[in-house]
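What follows is the content of input_13.txt (compact mmCIF, C-alpha atoms).
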```txt
# COMPACT_ATOMS: atom_id res chain seq x y z
CA MET F 6 128.61 37.14 10.35
CA ALA F 7 130.77 39.51 12.29
CA VAL F 8 129.87 38.19 15.72
CA PRO F 9 131.93 35.11 16.63
CA PRO F 10 129.79 32.03 17.33
CA LEU F 11 131.57 31.58 20.65
CA ALA F 12 129.86 34.72 21.93
CA HIS F 13 126.43 33.29 21.15
CA LEU F 14 127.32 30.01 22.84
CA MET F 15 128.63 31.85 25.88
CA LEU F 16 125.39 33.83 26.14
CA SER F 17 123.52 30.55 25.88
CA ALA F 18 125.57 28.98 28.69
CA LEU F 19 125.02 32.00 30.93
CA LEU F 20 121.27 32.00 30.32
CA PHE F 21 121.08 28.27 31.01
CA THR F 22 122.93 28.72 34.30
CA LEU F 23 120.63 31.59 35.27
CA GLY F 24 117.60 29.40 34.61
CA MET F 25 119.11 26.61 36.65
CA ILE F 26 119.75 28.96 39.56
CA GLY F 27 116.10 29.97 39.35
CA VAL F 28 114.93 26.35 39.47
CA LEU F 29 117.17 25.61 42.44
CA VAL F 30 116.53 28.75 44.46
CA ARG F 31 112.96 29.93 43.93
CA ARG F 32 110.01 28.26 45.60
CA SER F 33 107.09 29.70 43.67
CA ALA F 34 106.06 27.12 41.10
CA LEU F 35 105.32 29.83 38.54
CA ILE F 36 108.83 31.26 38.76
CA VAL F 37 110.31 27.78 38.55
CA PHE F 38 108.33 27.32 35.36
CA MET F 39 109.62 30.58 33.91
CA SER F 40 113.16 29.50 34.77
CA ILE F 41 112.59 26.28 32.84
CA GLU F 42 111.48 28.39 29.87
CA LEU F 43 114.72 30.33 30.25
CA MET F 44 116.73 27.11 30.06
CA LEU F 45 114.79 25.95 26.99
CA ASN F 46 115.54 29.26 25.31
CA ALA F 47 119.22 28.95 26.09
CA VAL F 48 119.26 25.55 24.42
CA ASN F 49 117.38 26.98 21.43
CA LEU F 50 120.01 29.67 21.08
CA SER F 51 122.83 27.16 20.96
CA LEU F 52 120.88 25.05 18.44
CA VAL F 53 120.43 28.04 16.16
CA THR F 54 124.10 28.96 16.59
CA PHE F 55 125.27 25.50 15.59
CA ALA F 56 122.83 25.45 12.67
CA ARG F 57 124.46 28.65 11.44
CA VAL F 58 127.99 27.40 12.06
CA ARG F 59 127.42 24.18 10.16
CA GLY F 60 125.37 25.84 7.44
CA ASN F 61 122.66 23.24 7.96
CA VAL F 62 119.03 24.07 8.59
CA ASP F 63 118.33 20.94 10.66
CA GLY F 64 119.11 22.74 13.91
CA GLN F 65 116.39 25.25 13.19
CA VAL F 66 113.90 22.46 12.56
CA LEU F 67 114.83 21.07 15.97
CA VAL F 68 114.15 24.48 17.51
CA PHE F 69 110.70 24.32 15.95
CA PHE F 70 110.00 21.05 17.75
CA VAL F 71 111.35 22.44 21.01
CA LEU F 72 108.88 25.32 20.63
CA VAL F 73 106.00 22.86 20.18
CA VAL F 74 106.98 20.82 23.22
CA ALA F 75 107.50 23.97 25.30
CA ALA F 76 104.03 25.21 24.43
CA VAL F 77 102.43 21.90 25.42
CA GLU F 78 104.52 21.71 28.58
CA VAL F 79 103.45 25.19 29.68
CA VAL F 80 99.77 24.48 29.03
CA VAL F 81 99.73 21.19 30.95
CA GLY F 82 102.03 22.45 33.72
CA LEU F 83 99.99 25.57 34.34
CA ALA F 84 96.81 23.49 34.44
CA ILE F 85 98.45 21.32 37.10
CA ILE F 86 99.51 24.42 39.05
CA VAL F 87 95.94 25.74 38.94
CA ASN F 88 94.71 22.39 40.25
CA ILE F 89 97.26 22.43 43.07
CA TYR F 90 96.21 25.95 43.95
CA ARG F 91 92.55 24.91 44.03
CA SER F 92 93.16 22.03 46.40
CA ARG F 93 95.89 23.49 48.62
CA GLN F 94 95.65 27.30 48.23
CA THR F 95 99.36 27.55 47.56
CA VAL F 96 101.78 27.47 44.66
CA ASP F 97 104.82 27.09 46.89
CA ILE F 98 106.57 23.91 45.79
CA ASP F 99 107.91 23.27 49.30
CA ASP F 100 104.32 22.88 50.53
CA VAL F 101 103.50 20.17 48.02
CA ASP F 102 105.29 17.22 49.58
CA LEU F 103 102.76 14.37 49.58
CA LEU F 104 105.30 12.06 48.02
CA ARG F 105 108.01 12.81 50.56
CA GLY F 106 109.12 9.63 52.25
CA MET H 9 127.57 47.15 13.74
CA ALA H 10 126.53 43.54 14.27
CA ILE H 11 128.90 43.31 17.24
CA LEU H 12 127.33 46.37 18.82
CA LEU H 13 123.84 44.97 18.30
CA PHE H 14 124.90 41.65 19.77
CA VAL H 15 126.38 43.29 22.87
CA VAL H 16 123.18 45.25 23.47
CA VAL H 17 121.03 42.17 22.93
CA ALA H 18 123.20 40.00 25.17
CA CYS H 19 123.12 42.56 27.98
CA LEU H 20 119.33 42.85 27.70
CA ALA H 21 118.94 39.07 27.71
CA LEU H 22 121.16 38.62 30.75
CA ALA H 23 119.42 41.46 32.59
CA GLY H 24 116.09 39.84 31.81
CA GLY H 25 117.37 36.48 33.00
CA VAL H 26 118.44 37.97 36.31
CA GLY H 27 115.07 39.69 36.51
CA VAL H 28 113.20 36.41 36.02
CA ILE H 29 114.87 34.72 38.95
CA ALA H 30 115.23 37.72 41.25
CA SER H 31 111.91 39.55 41.00
CA ARG H 32 109.67 39.43 44.01
CA ARG H 33 106.42 39.67 42.09
CA PRO H 34 105.59 37.01 39.50
CA VAL H 35 104.33 39.65 37.07
CA HIS H 36 107.75 41.29 37.03
CA SER H 37 109.29 37.90 36.35
CA ALA H 38 106.93 37.37 33.43
CA LEU H 39 107.83 40.77 31.96
CA ALA H 40 111.54 40.04 32.41
CA LEU H 41 110.98 36.74 30.59
CA LEU H 42 109.37 38.74 27.78
CA LEU H 43 112.52 40.87 27.62
CA VAL H 44 114.69 37.76 27.33
CA LEU H 45 112.50 36.30 24.59
CA GLY H 46 112.47 39.53 22.59
CA SER H 47 116.20 40.01 22.73
CA LEU H 48 116.78 36.38 21.78
CA ALA H 49 114.54 36.93 18.75
CA VAL H 50 116.85 39.73 17.66
CA ASP H 51 119.80 37.42 18.27
CA TYR H 52 118.22 34.81 16.00
CA LEU H 53 118.05 37.43 13.28
CA LEU H 54 121.79 37.98 13.72
CA LEU H 55 122.22 34.23 13.21
CA ASP H 56 120.26 34.20 9.92
CA ALA H 57 117.27 32.41 11.43
CA GLN H 58 114.40 34.65 10.33
CA PHE H 59 111.72 31.98 10.58
CA ILE H 60 112.75 30.99 14.10
CA ALA H 61 112.82 34.65 15.16
CA VAL H 62 109.25 35.14 13.96
CA LEU H 63 108.16 31.91 15.67
CA GLN H 64 109.85 33.07 18.86
CA VAL H 65 107.84 36.30 18.87
CA ILE H 66 104.54 34.65 17.93
CA ILE H 67 104.66 31.53 20.10
CA TYR H 68 106.83 32.44 23.05
CA ALA H 69 106.12 36.13 23.48
CA GLY H 70 102.62 36.02 22.07
CA ALA H 71 101.24 32.83 23.56
CA ILE H 72 103.36 31.46 26.39
CA VAL H 73 104.02 34.71 28.24
CA VAL H 74 100.38 35.72 27.86
CA LEU H 75 99.40 32.35 29.33
CA PHE H 76 101.77 32.93 32.25
CA ILE H 77 100.31 36.37 32.92
CA PHE H 78 96.80 34.99 32.61
CA ILE H 79 97.52 32.32 35.22
CA ILE H 80 99.15 34.86 37.53
CA MET H 81 96.01 36.96 37.25
CA LEU H 82 93.79 33.92 37.81
CA LEU H 83 95.59 32.83 40.96
CA HIS H 84 96.25 36.46 42.00
CA VAL H 85 99.18 34.78 43.55
CA ARG H 86 99.23 34.94 47.27
CA SER H 87 101.92 32.36 47.02
CA GLY H 88 103.12 33.10 50.51
CA GLU H 89 106.66 32.91 49.28
CA ASP H 90 109.17 34.54 51.52
CA PRO H 91 110.09 37.64 49.51
CA ARG H 92 113.73 37.38 50.40
CA ILE H 93 115.67 34.94 48.28
CA GLN H 94 118.11 32.71 50.04
CA ALA H 95 121.55 34.11 49.35
CA VAL H 96 123.50 30.91 49.76
CA LEU H 97 122.88 27.78 47.76
CA SER H 98 123.25 24.41 49.37
CA PRO H 99 126.66 22.88 48.56
CA VAL H 100 125.09 20.17 46.39
CA ALA H 101 123.19 22.73 44.33
CA GLY H 102 126.28 24.89 44.04
CA ALA H 103 128.41 21.99 42.88
CA LEU H 104 125.72 21.02 40.36
CA LEU H 105 125.59 24.57 39.01
CA CYS H 106 129.36 24.84 38.73
CA GLY H 107 129.46 21.46 36.99
CA VAL H 108 126.86 22.39 34.40
CA PHE H 109 128.34 25.80 33.72
CA GLY H 110 131.84 24.33 33.52
CA LEU H 111 130.65 21.72 31.03
CA ALA H 112 128.97 24.38 28.93
CA VAL H 113 132.11 26.53 28.92
CA LEU H 114 134.18 23.47 27.99
CA VAL H 115 131.94 22.87 25.00
CA VAL H 116 132.14 26.52 24.04
CA LEU H 117 135.92 26.51 24.22
CA SER H 118 136.38 23.16 22.50
CA HIS H 119 136.79 24.74 19.06
CA ALA H 120 133.49 23.22 18.00
CA ALA H 121 132.25 26.49 16.57
CA GLU H 122 135.12 28.54 15.32
CA SER H 123 134.45 29.31 11.70
CA PRO H 124 130.87 29.60 10.48
CA ALA H 125 130.08 28.03 7.16
CA SER H 126 129.22 30.26 4.27
CA VAL H 127 125.52 30.13 3.53
CA GLY H 128 123.41 31.52 0.77
CA GLU H 129 120.74 34.18 0.90
CA GLN H 130 118.09 31.53 1.40
CA PHE H 131 119.42 30.20 4.71
CA GLY H 132 116.84 30.21 7.49
CA THR H 133 113.94 31.48 5.43
CA VAL H 134 110.47 30.00 5.73
CA GLN H 135 110.95 28.22 2.39
CA MET H 136 114.13 26.46 3.44
CA VAL H 137 113.01 25.46 6.93
CA GLY H 138 109.60 24.46 5.60
CA ARG H 139 111.13 22.28 2.92
CA ALA H 140 113.19 20.43 5.54
CA LEU H 141 110.16 20.22 7.81
CA PHE H 142 107.90 18.69 5.17
CA SER H 143 110.40 16.28 3.65
CA ARG H 144 112.97 14.84 6.03
CA TYR H 145 111.07 15.72 9.19
CA LEU H 146 107.55 14.89 8.06
CA LEU H 147 107.02 12.12 10.61
CA PRO H 148 108.18 14.18 13.61
CA PHE H 149 106.03 17.02 12.31
CA GLU H 150 102.94 14.82 12.36
CA ALA H 151 103.92 13.52 15.80
CA ALA H 152 104.13 17.14 16.98
CA SER H 153 100.52 17.64 15.96
CA ILE H 154 99.52 14.64 18.07
CA VAL H 155 101.53 16.02 21.01
CA LEU H 156 99.67 19.31 20.68
CA LEU H 157 96.31 17.52 20.56
CA VAL H 158 97.11 15.43 23.64
CA GLY H 159 98.29 18.56 25.44
CA MET H 160 95.02 20.33 24.65
CA ILE H 161 92.93 17.41 25.84
CA GLY H 162 95.07 17.11 28.98
CA ALA H 163 94.65 20.79 29.80
CA VAL H 164 90.88 20.59 29.36
CA ALA H 165 90.70 17.45 31.50
CA LEU H 166 92.89 19.00 34.20
CA GLY H 167 91.01 22.28 34.17
CA ARG H 168 87.64 20.65 34.73
CA ARG H 169 86.42 21.11 38.28
CA LEU H 170 85.50 17.73 39.72
CA SER H 171 82.33 17.48 41.78
CA ASP H 172 82.64 16.08 45.30
CA GLU H 173 80.85 12.87 44.40
CA ALA H 174 82.97 12.10 41.39
CA PRO H 175 84.30 8.55 41.66
CA ASP H 176 87.82 9.51 40.60
CA ARG H 177 88.24 12.30 43.08
CA GLY H 178 90.59 10.37 45.33
CA ARG H 179 90.95 10.61 49.05
CA PRO H 180 90.85 14.07 50.58
CA ILE H 181 94.16 15.65 51.42
CA PRO H 182 94.65 15.76 55.19
CA ALA H 183 95.23 19.08 56.85
CA PRO H 184 98.89 19.65 57.77
CA GLU H 185 98.43 19.18 61.55
CA GLU H 186 96.92 15.73 61.12
CA ARG H 187 99.91 14.32 59.32
```
Using structure tokens, write down the structure that the file contains.
Amino acid sequence: MAVPPLAHLMLSALLFTLGMIGVLVRRSALIVFMSIELMLNAVNLSLVTFARVRGNVDGQVLVFFVLVVAAVEVVVGLAIIVNIYRSRQTVDIDDVDLLRG
Amino acid sequence: MAILLFVVVACLALAGGVGVIASRRPVHSALALLLVLGSLAVDYLLLDAQFIAVLQVIIYAGAIVVLFIFIIMLLHVRSGEDPRIQAVLSPVAGALLCGVFGLAVLVVLSHAAESPASVGEQFGTVQMVGRALFSRYLLPFEAASIVLLVGMIGAVALGRRLSDEAPDRGRPIPAPEER
């Protein structure tokens, strides 16, 4: 492997930070969801990198489970977003503040 | 050669990441997310994770992004979001971001991943990952199937349109001016 593992980890850190900026800055619930996917992918990349570095396939098995959970999370989350849109005609997360004290 | 490929893939992934959070239209964000996922799949190939790369393309690019685009189409999002993105983060958010990124860089630079182990030809193939999945990780694998089933049932239950007389409808949401 000619590429140093540090480069992969650095890419993963940058992608995670980008996803976090998206969660903090954007107000459309859909974009926030996509940013969360971005963060999950960054974590997957570091898991695969460490699996390669340690020569152990367990990290890749963990990525498999992250994929399963991400798929379920997207399905349920998007169903919730559709429900919010039906009842409030908006997907702007600043407008959904029923629990605000 | 591998370095060159990695640089191209990393630039594409970062450009896609910026596109996800900076696009004004949700469809553009979804396509930028597709770019990120595709380039990460290539990166997985560079890391000898063939099975994960294929899963990435099938599940993420094939199912999740399509679901996103489907929902965008369904809502034909008039999200009413201000198209301009606030340029300045609040100090708390900025501090949080710097903290997380600093921690990540610390981990990267902590000599945790300097010299990759030598692995055989078989590393990361479907056979090897599948053997681990069906021996040591059999119980989590079965639990994953239950998680998927519960997720499916939850999506169906959430997607059902409740009639007005349904007993579990809950109290109506007051209009904003009444609150």
Chain H residues near chain F within 6 Å, closest pair each, using only C-alpha atoms, as JSON lines:
```
{"residue": "H:Ile11", "atom": "CA", "partner": "F:Val8", "partner_atom": "CA", "distance": 5.4}
{"residue": "H:Ile29", "atom": "CA", "partner": "F:Gly27", "partner_atom": "CA", "distance": 4.9}
{"residue": "H:Ser87", "atom": "CA", "partner": "F:Val96", "partner_atom": "CA", "distance": 5.4}
{"residue": "H:Ala112", "atom": "CA", "partner": "F:Ala18", "partner_atom": "CA", "distance": 5.7}
{"residue": "H:Pro124", "atom": "CA", "partner": "F:Val58", "partner_atom": "CA", "distance": 4.0}
{"residue": "H:Ala125", "atom": "CA", "partner": "F:Gly60", "partner_atom": "CA", "distance": 5.2}
{"residue": "H:Val127", "atom": "CA", "partner": "F:Gly60", "partner_atom": "CA", "distance": 5.8}
{"residue": "H:Gly159", "atom": "CA", "partner": "F:Val77", "partner_atom": "CA", "distance": 5.3}
{"residue": "H:Ala163", "atom": "CA", "partner": "F:Val81", "partner_atom": "CA", "distance": 5.2}
{"residue": "H:Leu166", "atom": "CA", "partner": "F:Ala84", "partner_atom": "CA", "distance": 6.0}
{"residue": "H:Gly167", "atom": "CA", "partner": "F:Ala84", "partner_atom": "CA", "distance": 5.9}
```
TODO: Just give me the gap between CA of Leu20 in chain H and CA of Leu75 in chain H in Å, one decimal is fine.
DONE: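 If I compute the distance from CA of Leu20 in chain H to CA of Leu75 in chain H, I get 22.6 Å.
Separating CA of Val62 in chain H from CA of Val134 in chain H is a distance of 9.8 Å.
Computed from the coordinates, the CA of Asp56 in chain H to CA of Thr133 in chain H distance equals 8.2 Å.
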Can you fill out range 114-134 of chain H with N, CA and C atoms and hand it back as a PDB file, keeping the file's coordinate frame?
```pdb
ATOM      1  N   LEU H 114     133.273  24.397  28.679  1.00  0.00           N
ATOM      2  CA  LEU H 114     134.180  23.470  27.990  1.00  0.00           C
ATOM      3  C   LEU H 114     133.752  23.266  26.543  1.00  0.00           C
ATOM      4  N   VAL H 115     132.432  23.060  26.357  1.00  0.00           N
ATOM      5  CA  VAL H 115     131.940  22.870  25.000  1.00  0.00           C
ATOM      6  C   VAL H 115     132.197  24.118  24.161  1.00  0.00           C
ATOM      7  N   VAL H 116     131.943  25.275  24.779  1.00  0.00           N
ATOM      8  CA  VAL H 116     132.140  26.520  24.040  1.00  0.00           C
ATOM      9  C   VAL H 116     133.592  26.665  23.600  1.00  0.00           C
ATOM     10  N   LEU H 117     134.506  26.290  24.507  1.00  0.00           N
ATOM     11  CA  LEU H 117     135.920  26.510  24.220  1.00  0.00           C
ATOM     12  C   LEU H 117     136.564  25.359  23.471  1.00  0.00           C
ATOM     13  N   SER H 118     135.767  24.342  23.089  1.00  0.00           N
ATOM     14  CA  SER H 118     136.380  23.160  22.500  1.00  0.00           C
ATOM     15  C   SER H 118     136.552  23.288  20.993  1.00  0.00           C
ATOM     16  N   HIS H 119     136.570  24.494  20.490  1.00  0.00           N
ATOM     17  CA  HIS H 119     136.790  24.740  19.060  1.00  0.00           C
ATOM     18  C   HIS H 119     135.730  24.063  18.201  1.00  0.00           C
ATOM     19  N   ALA H 120     134.546  23.843  18.790  1.00  0.00           N
ATOM     20  CA  ALA H 120     133.490  23.220  18.000  1.00  0.00           C
ATOM     21  C   ALA H 120     132.869  24.222  17.040  1.00  0.00           C
ATOM     22  N   ALA H 121     132.975  25.489  17.361  1.00  0.00           N
ATOM     23  CA  ALA H 121     132.250  26.490  16.570  1.00  0.00           C
ATOM     24  C   ALA H 121     133.159  27.675  16.283  1.00  0.00           C
ATOM     25  N   GLU H 122     134.199  27.440  15.555  1.00  0.00           N
ATOM     26  CA  GLU H 122     135.120  28.540  15.320  1.00  0.00           C
ATOM     27  C   GLU H 122     134.780  29.311  14.064  1.00  0.00           C
ATOM     28  N   SER H 123     134.648  28.602  12.958  1.00  0.00           N
ATOM     29  CA  SER H 123     134.450  29.310  11.700  1.00  0.00           C
ATOM     30  C   SER H 123     133.091  28.946  11.125  1.00  0.00           C
ATOM     31  N   PRO H 124     132.185  29.900  11.039  1.00  0.00           N
ATOM     32  CA  PRO H 124     130.870  29.600  10.480  1.00  0.00           C
ATOM     33  C   PRO H 124     130.965  29.295   8.992  1.00  0.00           C
ATOM     34  N   ALA H 125     130.112  28.368   8.573  1.00  0.00           N
ATOM     35  CA  ALA H 125     130.080  28.030   7.160  1.00  0.00           C
ATOM     36  C   ALA H 125     129.498  29.201   6.366  1.00  0.00           C
ATOM     37  N   SER H 126     129.815  29.225   5.108  1.00  0.00           N
ATOM     38  CA  SER H 126     129.220  30.260   4.270  1.00  0.00           C
ATOM     39  C   SER H 126     127.871  29.747   3.775  1.00  0.00           C
ATOM     40  N   VAL H 127     126.857  30.561   3.927  1.00  0.00           N
ATOM     41  CA  VAL H 127     125.520  30.130   3.530  1.00  0.00           C
ATOM     42  C   VAL H 127     124.960  31.140   2.539  1.00  0.00           C
ATOM     43  N   GLY H 128     123.999  30.660   1.784  1.00  0.00           N
ATOM     44  CA  GLY H 128     123.410  31.520   0.770  1.00  0.00           C
ATOM     45  C   GLY H 128     122.380  32.465   1.360  1.00  0.00           C
ATOM     46  N   GLU H 129     121.761  33.235   0.484  1.00  0.00           N
ATOM     47  CA  GLU H 129     120.740  34.180   0.900  1.00  0.00           C
ATOM     48  C   GLU H 129     119.530  33.470   1.499  1.00  0.00           C
ATOM     49  N   GLN H 130     119.315  32.232   1.056  1.00  0.00           N
ATOM     50  CA  GLN H 130     118.090  31.530   1.400  1.00  0.00           C
ATOM     51  C   GLN H 130     118.121  30.939   2.795  1.00  0.00           C
ATOM     52  N   PHE H 131     119.282  30.954   3.463  1.00  0.00           N
ATOM     53  CA  PHE H 131     119.420  30.200   4.710  1.00  0.00           C
ATOM     54  C   PHE H 131     118.481  30.740   5.778  1.00  0.00           C
ATOM     55  N   GLY H 132     117.694  29.823   6.370  1.00  0.00           N
ATOM     56  CA  GLY H 132     116.840  30.210   7.490  1.00  0.00           C
ATOM     57  C   GLY H 132     115.533  30.840   7.100  1.00  0.00           C
ATOM     58  N   THR H 133     115.225  30.923   5.811  1.00  0.00           N
ATOM     59  CA  THR H 133     113.940  31.480   5.430  1.00  0.00           C
ATOM     60  C   THR H 133     112.852  30.443   5.629  1.00  0.00           C
ATOM     61  N   VAL H 134     111.598  30.911   5.540  1.00  0.00           N
ATOM     62  CA  VAL H 134     110.470  30.000   5.730  1.00  0.00           C
ATOM     63  C   VAL H 134     110.524  28.884   4.691  1.00  0.00           C
TER      64      VAL H 134
END
```
